[in-house]
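Structure, as structure tokens:
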There are 2 protein chains.
Amino acid sequence: MGIDEGRYRVIIEGMEPEIDGGRFPIKRTRGEKVVVEADIFADSQDALSCVVLHRKDGDPRWEDHPMVFLINDRWRGEFTVPQVGNYYYTVQAWVDHFMSWRQGLVKKFDAGHDVSVDLLAGGDLVEEASRRAAGSDGKKLKKVALALRSDQETSDRVRIALDEELAELMAKYADRELSTTYDKELVVVVDRARARFSAWYEMFPRSCAPEPGRHGTFKDCEARLSYIASMGFDVLYFPPIHPIGRTHRKGKNNVPGGSSDDPGSPWAIGSAEGGHKDIHPQLGTLEDFRSLMAKAGEYGLEIAIDLAFQCTPDHPYVKEHPEWFRWRPDRTVQYAENPPKRYEDIYPLNFETERWQELWEELKGVVLFWIDQGVRIFRVDNPHTKPFHFWEWLIGEVKKDYPEVIFLAEAFTRPKVMYQLAKLGFTQSYTYFAWRNTKWELAQYFTEVTQNEVREYFRPNLWPNTPDILTEYLQMGGPSAFMARLVLAATLGANYGIYGPAFELCENRPKEPGSEEYLDSEKYEIKNWDIMRPDSLRDFIARMNRIRRENPSLHGDRSLRFHPIDNERIICYSKQTEDFSNIIVVVVNLDPHHTQAGWVELPLSDLGIDHRMPYQMHDLLGDARYLWHGPRNYVELNPGIAPAQILRVRHKTRTERDFDYFM
Amino acid sequence: MGIDEGRYRVIIEGMEPEIDGGRFPIKRTRGEKVVVEADIFADSQDALSCVVLHRKDGDPRWEDHPMVFLINDRWRGEFTVPQVGNYYYTVQAWVDHFMSWRQGLVKKFDAGHDVSVDLLAGGDLVEEASRRAAGSDGKKLKKVALALRSDQETSDRVRIALDEELAELMAKYADRELSTTYDKELVVVVDRARARFSAWYEMFPRSCAPEPGRHGTFKDCEARLSYIASMGFDVLYFPPIHPIGRTHRKGKNNVPGGSSDDPGSPWAIGSAEGGHKDIHPQLGTLEDFRSLMAKAGEYGLEIAIDLAFQCTPDHPYVKEHPEWFRWRPDRTVQYAENPPKRYEDIYPLNFETERWQELWEELKGVVLFWIDQGVRIFRVDNPHTKPFHFWEWLIGEVKKDYPEVIFLAEAFTRPKVMYQLAKLGFTQSYTYFAWRNTKWELAQYFTEVTQNEVREYFRPNLWPNTPDILTEYLQMGGPSAFMARLVLAATLGANYGIYGPAFELCENRPKEPGSEEYLDSEKYEIKNWDIMRPDSLRDFIARMNRIRRENPSLHGDRSLRFHPIDNERIICYSKQTEDFSNIIVVVVNLDPHHTQAGWVELPLSDLGIDHRMPYQMHDLLGDARYLWHGPRNYVELNPGIAPAQILRVRHKTRTERDFDYFM
């Protein structure tokens, strides 16, 4: 070990948050806080001063915030990140000779020792600081140094030594020459607020024609915007809008060898009409797409498109860049397979090609092309089938110039792969929510993703259904199952989405028993949904989204806590703002068929509720009000009426209570 | 992010063991195993191959050991470290195209697909491997490649493809060009076995004279060796053996202003007679010391000395190197203080001196001086009052040339400081054992230090007493308290020590009530211990140390597990060898005054014991034998007879049982 400076006495370790030793950034949205903790200690018993440093990328100046001592050598500090982009943070600490001296002085003086030499030593420390200080501060410190060395009464000089203003000045001009700075500059990626709080609506544009049988267009989508906006969504996500291949095109219900009438799957990208930078002609033109985006904006809706980096045999890349595909010994291109299953309509890109750099650049070009059209949200299809390094590079490159871009990872794969994609840069991530149905499963999983280190980089986006996923629970449970799953998705997750109109119309017919595929799936045919059906959940969804908007506790996931209730079929949890001004308690009956009841047990003090006073629970779904008292209260949920209650806690704040008390 | 090679598809993370992101090494002793685990995964579904690599420092060649898949993308491998010194380890993994192909082939063939093109593709893979292979292996592979492409029956060729020898050859000559190597080379510091398993005896040489009143010498110590060896100790540790200062010398019971008759504290180092490289004249000469070391060696005892880096006002350094001390404004040297307490007989070295490099070199010189005399074990006094970087440098420098040196950290300070000292290089560490007396305290603490990451770098050394520590438990509990604490120290810790003869003579008088200091402490006066007293615990200690030697399960701490017993005053735990050939169950009555009894509950399957069969428990302390059956058994401990049982489990091994069963 080569040592240039052996006098650094402070050790800084156990930094939090820090992902994989600083290999990956943490994530925040604009205006959020970063709370930093570290173990900080030095040899011996000297006092320490510790600060958290942060700076915006591009700004060379570090900003200081003091850290406070917690317990067991643990310190905490915090800062906020007001702008979108990258921030850096680290920790600095030093042995504080002035504070050590000050503390020792008091003890010795109180014990009746002669402190005259100590006062001289203090004078030296203050004089040194005065040399580091500017202007009037320097003068003040010089004056104090003289006073400490003067022949004033000892007790007067001790009083001067203990002056709080002096302590502040000495902190301001501390000698940091031998301070230890943590050896890593950690990164915060700051996204816009929508990265943290968003309600997505997935829809096939081709199914938007008002009359049956016709291929929908972007113009038809414009007419559908008011319907979607009326339900309160933020993001309107389209499956791929590119030309669809003809070779091995799939027919209805995924049958191989579709007829020429079959529209094909939008994920089978590429035909004579073009590839990933082109629009499927039947949907309209690029101009139509831009017009739709503008109209959507007027409704407060942002369009998200799909990045599905795969090709059909008809994709222009196959001819133009044969080197981007894997070739078999019989001189055919290797189609996708999951042995023994074959997907002959899809040619995966070969990321092991020696021309990988050109391939990466081209795919980046695809993203930039759509950014040029105004798209800022991308839902990424199957990212786990492309190399991790590719995504890290792509997202990093794009966000350098467009830090406001959001990437949602569609990866329903192994947990560590999903977490890796989030670590390397995906803004939001699909989750296992669809397959977490029991109380234990939901509590276990959402505790894992919101209460561990995972929450620093993984932003869950909860989907009760997708075009690929119609869960058994939805197949069996009827409308109340859809309502329960909607409430769970929209309140467990600050980000959630549904695939509609299948969802609001409670479409629940599987391809066959035991399958999670939809019967007559929209992936392979054009639908004509009767969105005005009286039994649609559109009003319920609209109410849910209004509740979300109006209650800031639902705009994030960190405060999520599960609470005991003595019925396995009912789940209870809460979210709250840091200042307790908005507290939401959710109870959901997970049994779609029967009324369930039980006694909820709330940790009142964690929620800032006075256990001596009754408090009102306002059910924002049913608009009923209940008076609760103490930690244990009764709930009863009839799925035929409403399978859930979203209870806003209305109680006097601590200050109001104290005021009452003294009146 | 600059990317030179974007085709690395494998991610390696979550490495274990890895201390603070690889900042610190792990520790092992010669011949021990290192088990390495990591999360390893790639995009898509391809098969992976993973190996753990290791090499000895100085040897450029890495050695491979295959890792096996556990669950949830976790892999495990292991290697052993046969020699003292440093080893490096890391992990390498790659997408295994041959294994992926092989698995796909089986599935397709079983599903009745045409696999002719697949067989050609396999032929290509095998041929590529043949080009990487040498000699006969290369020829074999070429032959297989030809066969796979031949016009033999498909089923025959599939059989050839699935041949195990082929799989082994393909693994041996795998294409690792695009393999991922974990980005850190982690370090294992390998010590000699004594670092893991040692019994220490601390003794003041000056109290070894056979007749009262005389200052003992090294010659007297020689005469004492057989006594110490007969108790079965490995390490004989002396408080500082250097000249003792006269200025402000402490009198009996630490009274300031001792008389010229007072011998002073051995930790007050330095006088006109010399400093840290000199021997206190009344003990003898350097030659005497070397002779004592040689004699001790004949008894199987290794001498450890004390590194106490502090000076008295009389130390030669004060005049020769005034710049190594802190000076007060009144031109006196700053003495040690812990305000309002003052230690005017001690001048701490000022590690913040601008001449720190010369100071460091001098202190390293002290260590090397004693190494030259043959010392290989150092007990370091108060390491937490000197900078961490200094110790890391010093220990690193010394172990470069003398990897067999052992440093024991005497730090009874905050947990994170103690752990930091262990991380940065101390071989063994004092613990909080002395102050952990209840069952809960003991189980909690020793689980923390043996079952967490801590065990990778922190080797506990357990002391029931030291010259500074006479716990209330020992003061109050009489001989059975000493026996109980000895058994706990010697079995909870593979490393332990006692301060004798105070310990074996059950010296238990405190300086005053509530004090942990000894009355008439040996630190300030010469003692004449009656080591032949009939009530001495010397035979008990000898038995304890023999049990330790004879039972390999007590030679390490990793297997320690605590077991339930329905009496808070009795603690039960076990240690075992990995192959179950030696299992020790210890029960200790923590109540030194009353008989206690209870039902122990053992996890039989974890201990390799058949729950259907009785098993014998042989109490190695009392030499009684008990027949136990099933997990719950009764124990009763009378502290008047023996406060503990050390039960060796004697039962048939699984193989013996199976043999019986079939007979």
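Ligands are numbered from 1 in the order shown, chains are lettered A, B, ... in the order of the structure tokens, and residues start at 1 in each chain.
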
* Running DSSP on the backbone, which parts of range 485-604 of chain A land in strand (DSSP E or B), as a ChimeraX atom specification? -> /A:495-499,510,518,561-563,565,570-576,583-589,596-601

May I have the selected residues written with N, CA and C atoms, as a PDB file, in the first residue's frame?
ATOM      1  N   ASN A 495     -47.177   3.813  -9.864  1.00  0.00           N
ATOM      2  CA  ASN A 495     -47.274   3.598 -11.301  1.00  0.00           C
ATOM      3  C   ASN A 495     -48.094   2.337 -11.543  1.00  0.00           C
ATOM      4  N   TYR A 496     -49.101   2.456 -12.397  1.00  0.00           N
ATOM      5  CA  TYR A 496     -49.859   1.254 -12.739  1.00  0.00           C
ATOM      6  C   TYR A 496     -50.443   1.437 -14.134  1.00  0.00           C
ATOM      7  N   GLY A 497     -50.976   0.351 -14.679  1.00  0.00           N
ATOM      8  CA  GLY A 497     -51.577   0.461 -15.998  1.00  0.00           C
ATOM      9  C   GLY A 497     -52.557  -0.667 -16.235  1.00  0.00           C
ATOM     10  N   ILE A 498     -53.435  -0.447 -17.198  1.00  0.00           N
ATOM     11  CA  ILE A 498     -54.352  -1.516 -17.613  1.00  0.00           C
ATOM     12  C   ILE A 498     -54.326  -1.614 -19.129  1.00  0.00           C
ATOM     13  N   TYR A 499     -54.668  -2.797 -19.588  1.00  0.00           N
ATOM     14  CA  TYR A 499     -54.836  -2.989 -21.022  1.00  0.00           C
ATOM     15  C   TYR A 499     -56.338  -2.923 -21.301  1.00  0.00           C
ATOM     16  N   PRO A 510     -60.599 -17.018 -21.471  1.00  0.00           N
ATOM     17  CA  PRO A 510     -59.259 -17.489 -21.865  1.00  0.00           C
ATOM     18  C   PRO A 510     -59.330 -18.291 -23.162  1.00  0.00           C
ATOM     19  N   TYR A 518     -55.783 -14.511 -23.913  1.00  0.00           N
ATOM     20  CA  TYR A 518     -57.173 -14.172 -24.189  1.00  0.00           C
ATOM     21  C   TYR A 518     -57.700 -15.041 -25.327  1.00  0.00           C
ATOM     22  N   ARG A 561     -47.042   0.439   4.006  1.00  0.00           N
ATOM     23  CA  ARG A 561     -46.912  -0.501   5.127  1.00  0.00           C
ATOM     24  C   ARG A 561     -48.150  -1.381   5.175  1.00  0.00           C
ATOM     25  N   PHE A 562     -47.946  -2.665   5.442  1.00  0.00           N
ATOM     26  CA  PHE A 562     -49.075  -3.592   5.573  1.00  0.00           C
ATOM     27  C   PHE A 562     -49.452  -3.724   7.039  1.00  0.00           C
ATOM     28  N   HIS A 563     -50.745  -3.887   7.288  1.00  0.00           N
ATOM     29  CA  HIS A 563     -51.223  -3.953   8.665  1.00  0.00           C
ATOM     30  C   HIS A 563     -52.011  -5.240   8.892  1.00  0.00           C
ATOM     31  N   ILE A 565     -54.777  -7.901   9.863  1.00  0.00           N
ATOM     32  CA  ILE A 565     -56.230  -8.006   9.957  1.00  0.00           C
ATOM     33  C   ILE A 565     -56.535  -9.489  10.091  1.00  0.00           C
ATOM     34  N   ILE A 570     -58.799 -10.599   3.539  1.00  0.00           N
ATOM     35  CA  ILE A 570     -58.766  -9.127   3.440  1.00  0.00           C
ATOM     36  C   ILE A 570     -57.331  -8.658   3.650  1.00  0.00           C
ATOM     37  N   ILE A 571     -56.901  -7.759   2.780  1.00  0.00           N
ATOM     38  CA  ILE A 571     -55.574  -7.175   2.936  1.00  0.00           C
ATOM     39  C   ILE A 571     -55.753  -5.712   3.331  1.00  0.00           C
ATOM     40  N   CYS A 572     -54.860  -5.243   4.202  1.00  0.00           N
ATOM     41  CA  CYS A 572     -54.935  -3.859   4.659  1.00  0.00           C
ATOM     42  C   CYS A 572     -53.538  -3.245   4.596  1.00  0.00           C
ATOM     43  N   TYR A 573     -53.454  -2.053   4.040  1.00  0.00           N
ATOM     44  CA  TYR A 573     -52.171  -1.346   4.002  1.00  0.00           C
ATOM     45  C   TYR A 573     -52.422   0.148   3.965  1.00  0.00           C
ATOM     46  N   SER A 574     -51.345   0.894   4.189  1.00  0.00           N
ATOM     47  CA  SER A 574     -51.489   2.354   4.193  1.00  0.00           C
ATOM     48  C   SER A 574     -50.332   2.995   3.462  1.00  0.00           C
ATOM     49  N   LYS A 575     -50.586   4.217   3.021  1.00  0.00           N
ATOM     50  CA  LYS A 575     -49.529   5.099   2.528  1.00  0.00           C
ATOM     51  C   LYS A 575     -49.763   6.475   3.137  1.00  0.00           C
ATOM     52  N   GLN A 576     -48.701   7.222   3.322  1.00  0.00           N
ATOM     53  CA  GLN A 576     -48.869   8.521   3.952  1.00  0.00           C
ATOM     54  C   GLN A 576     -47.816   9.487   3.450  1.00  0.00           C
ATOM     55  N   ILE A 583     -53.095  10.680   4.757  1.00  0.00           N
ATOM     56  CA  ILE A 583     -52.917   9.264   5.103  1.00  0.00           C
ATOM     57  C   ILE A 583     -54.049   8.485   4.463  1.00  0.00           C
ATOM     58  N   ILE A 584     -53.683   7.459   3.707  1.00  0.00           N
ATOM     59  CA  ILE A 584     -54.688   6.616   3.063  1.00  0.00           C
ATOM     60  C   ILE A 584     -54.527   5.189   3.590  1.00  0.00           C
ATOM     61  N   VAL A 585     -55.628   4.621   4.077  1.00  0.00           N
ATOM     62  CA  VAL A 585     -55.645   3.217   4.487  1.00  0.00           C
ATOM     63  C   VAL A 585     -56.533   2.474   3.495  1.00  0.00           C
ATOM     64  N   VAL A 586     -55.996   1.410   2.906  1.00  0.00           N
ATOM     65  CA  VAL A 586     -56.755   0.652   1.911  1.00  0.00           C
ATOM     66  C   VAL A 586     -57.089  -0.722   2.481  1.00  0.00           C
ATOM     67  N   VAL A 587     -58.338  -1.115   2.343  1.00  0.00           N
ATOM     68  CA  VAL A 587     -58.715  -2.496   2.676  1.00  0.00           C
ATOM     69  C   VAL A 587     -59.366  -3.105   1.442  1.00  0.00           C
ATOM     70  N   VAL A 588     -58.901  -4.292   1.073  1.00  0.00           N
ATOM     71  CA  VAL A 588     -59.425  -4.946  -0.126  1.00  0.00           C
ATOM     72  C   VAL A 588     -59.838  -6.368   0.225  1.00  0.00           C
ATOM     73  N   ASN A 589     -61.037  -6.721  -0.185  1.00  0.00           N
ATOM     74  CA  ASN A 589     -61.512  -8.098  -0.044  1.00  0.00           C
ATOM     75  C   ASN A 589     -60.991  -8.891  -1.236  1.00  0.00           C
ATOM     76  N   GLN A 596     -66.558 -10.516   3.258  1.00  0.00           N
ATOM     77  CA  GLN A 596     -65.561 -10.858   4.273  1.00  0.00           C
ATOM     78  C   GLN A 596     -65.472  -9.709   5.266  1.00  0.00           C
ATOM     79  N   ALA A 597     -65.225 -10.055   6.513  1.00  0.00           N
ATOM     80  CA  ALA A 597     -65.142  -9.023   7.547  1.00  0.00           C
ATOM     81  C   ALA A 597     -63.990  -9.348   8.477  1.00  0.00           C
ATOM     82  N   GLY A 598     -63.508  -8.356   9.202  1.00  0.00           N
ATOM     83  CA  GLY A 598     -62.427  -8.614  10.145  1.00  0.00           C
ATOM     84  C   GLY A 598     -62.060  -7.364  10.914  1.00  0.00           C
ATOM     85  N   TRP A 599     -61.152  -7.561  11.861  1.00  0.00           N
ATOM     86  CA  TRP A 599     -60.668  -6.458  12.681  1.00  0.00           C
ATOM     87  C   TRP A 599     -59.281  -6.037  12.206  1.00  0.00           C
ATOM     88  N   VAL A 600     -59.225  -4.812  11.724  1.00  0.00           N
ATOM     89  CA  VAL A 600     -57.954  -4.217  11.277  1.00  0.00           C
ATOM     90  C   VAL A 600     -57.200  -3.731  12.504  1.00  0.00           C
ATOM     91  N   GLU A 601     -55.877  -3.817  12.457  1.00  0.00           N
ATOM     92  CA  GLU A 601     -55.088  -3.261  13.557  1.00  0.00           C
ATOM     93  C   GLU A 601     -54.072  -2.264  12.993  1.00  0.00           C
TER      94      GLU A 601
END

* Select residues of chain B: the criterion is any atom within 6 Å of an atom of chain A, counting only C-alpha atoms; output as a ChimeraX atom specification. => /B:7,9,21,43-44,104,107-108,121,329,339-340,352,384-387

Output the selection as a JSON list (two decimals), in the first residue's frame - C-alpha atoms for each residue.
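Below is the file part06.json, written as the result:
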[["chain", "number", "residue", "atom", "x", "y", "z"],
["B", 7, "ARG", "CA", -20.78, -8.75, -26.65],
["B", 9, "ARG", "CA", -23.53, -11.08, -22.10],
["B", 21, "GLY", "CA", -16.79, -4.16, -2.20],
["B", 43, "ASP", "CA", -29.86, -12.27, -21.23],
["B", 44, "SER", "CA", -32.17, -14.84, -22.83],
["B", 104, "GLY", "CA", -32.25, -27.66, -27.41],
["B", 107, "LYS", "CA", -36.06, -31.20, -26.71],
["B", 108, "LYS", "CA", -36.50, -30.91, -30.47],
["B", 121, "ALA", "CA", -24.70, -26.58, -36.37],
["B", 329, "PRO", "CA", 1.25, 26.56, 24.41],
["B", 339, "PRO", "CA", -11.18, 14.91, 30.40],
["B", 340, "PRO", "CA", -11.39, 15.49, 33.22],
["B", 352, "GLU", "CA", -0.90, 14.08, 13.14],
["B", 384, "HIS", "CA", -8.01, 2.16, 18.42],
["B", 385, "THR", "CA", -6.11, 5.20, 19.69],
["B", 386, "LYS", "CA", -3.79, 5.20, 16.68],
["B", 387, "PRO", "CA", -4.90, 5.87, 13.10]]

* Which distance in Å separates CA of Gly258 in chain A and CA of Tyr343 in chain A, to one decimal? ->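 Rounded to one decimal, the two atoms are 13.7 Å apart.
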
* To do: Tell me which protein, DNA and RNA residues are within 7 Å of Cys506 in chain A, counting only C-alpha atoms, leaving out same-chain ones fewer than 3 positions away, and put them as an NGL selection string.
  => :A and (479 or 482 or 502-503)

* From the DSSP assignment of the backbone, select every residue of range 373-411 of chain A that is alpha helix (DSSP H), and format the answer as a ChimeraX atom specification. => /A:388-401

* To do: Considering only C-alpha atoms, return as JSON, numbers by chain whatever protein or nucleic-acid residues lie within 8 Å of Ile244 in chain A, sequence-local ones (same chain, fewer than 3 positions apart) excluded.
  => {"A": [263, 264, 265, 266, 267, 268, 269, 270, 271, 280, 312]}

* Asked: Could you pull the residues within 8 Å of Ala161 in chain A, counting only C-alpha atoms, minus those fewer than 4 positions along the same chain, as a ChimeraX atom specification?
  -> /A:102,122,148,157,166

* Could you please determine the separation between CA of Asp345 in chain B and CA of Val255 in chain B in Å, to one decimal place? =>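 CA of Val255 in chain B lies 11.7 Å from CA of Asp345 in chain B.
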
* **Option closest in space to Tyr445 in chain B, from B:Leu492, B:Ile71, B:Met231, B:Leu421 [counting only C-alpha atoms]** =>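 Ranked by minimum distance to Tyr445 in chain B, first place goes to B:Leu492.
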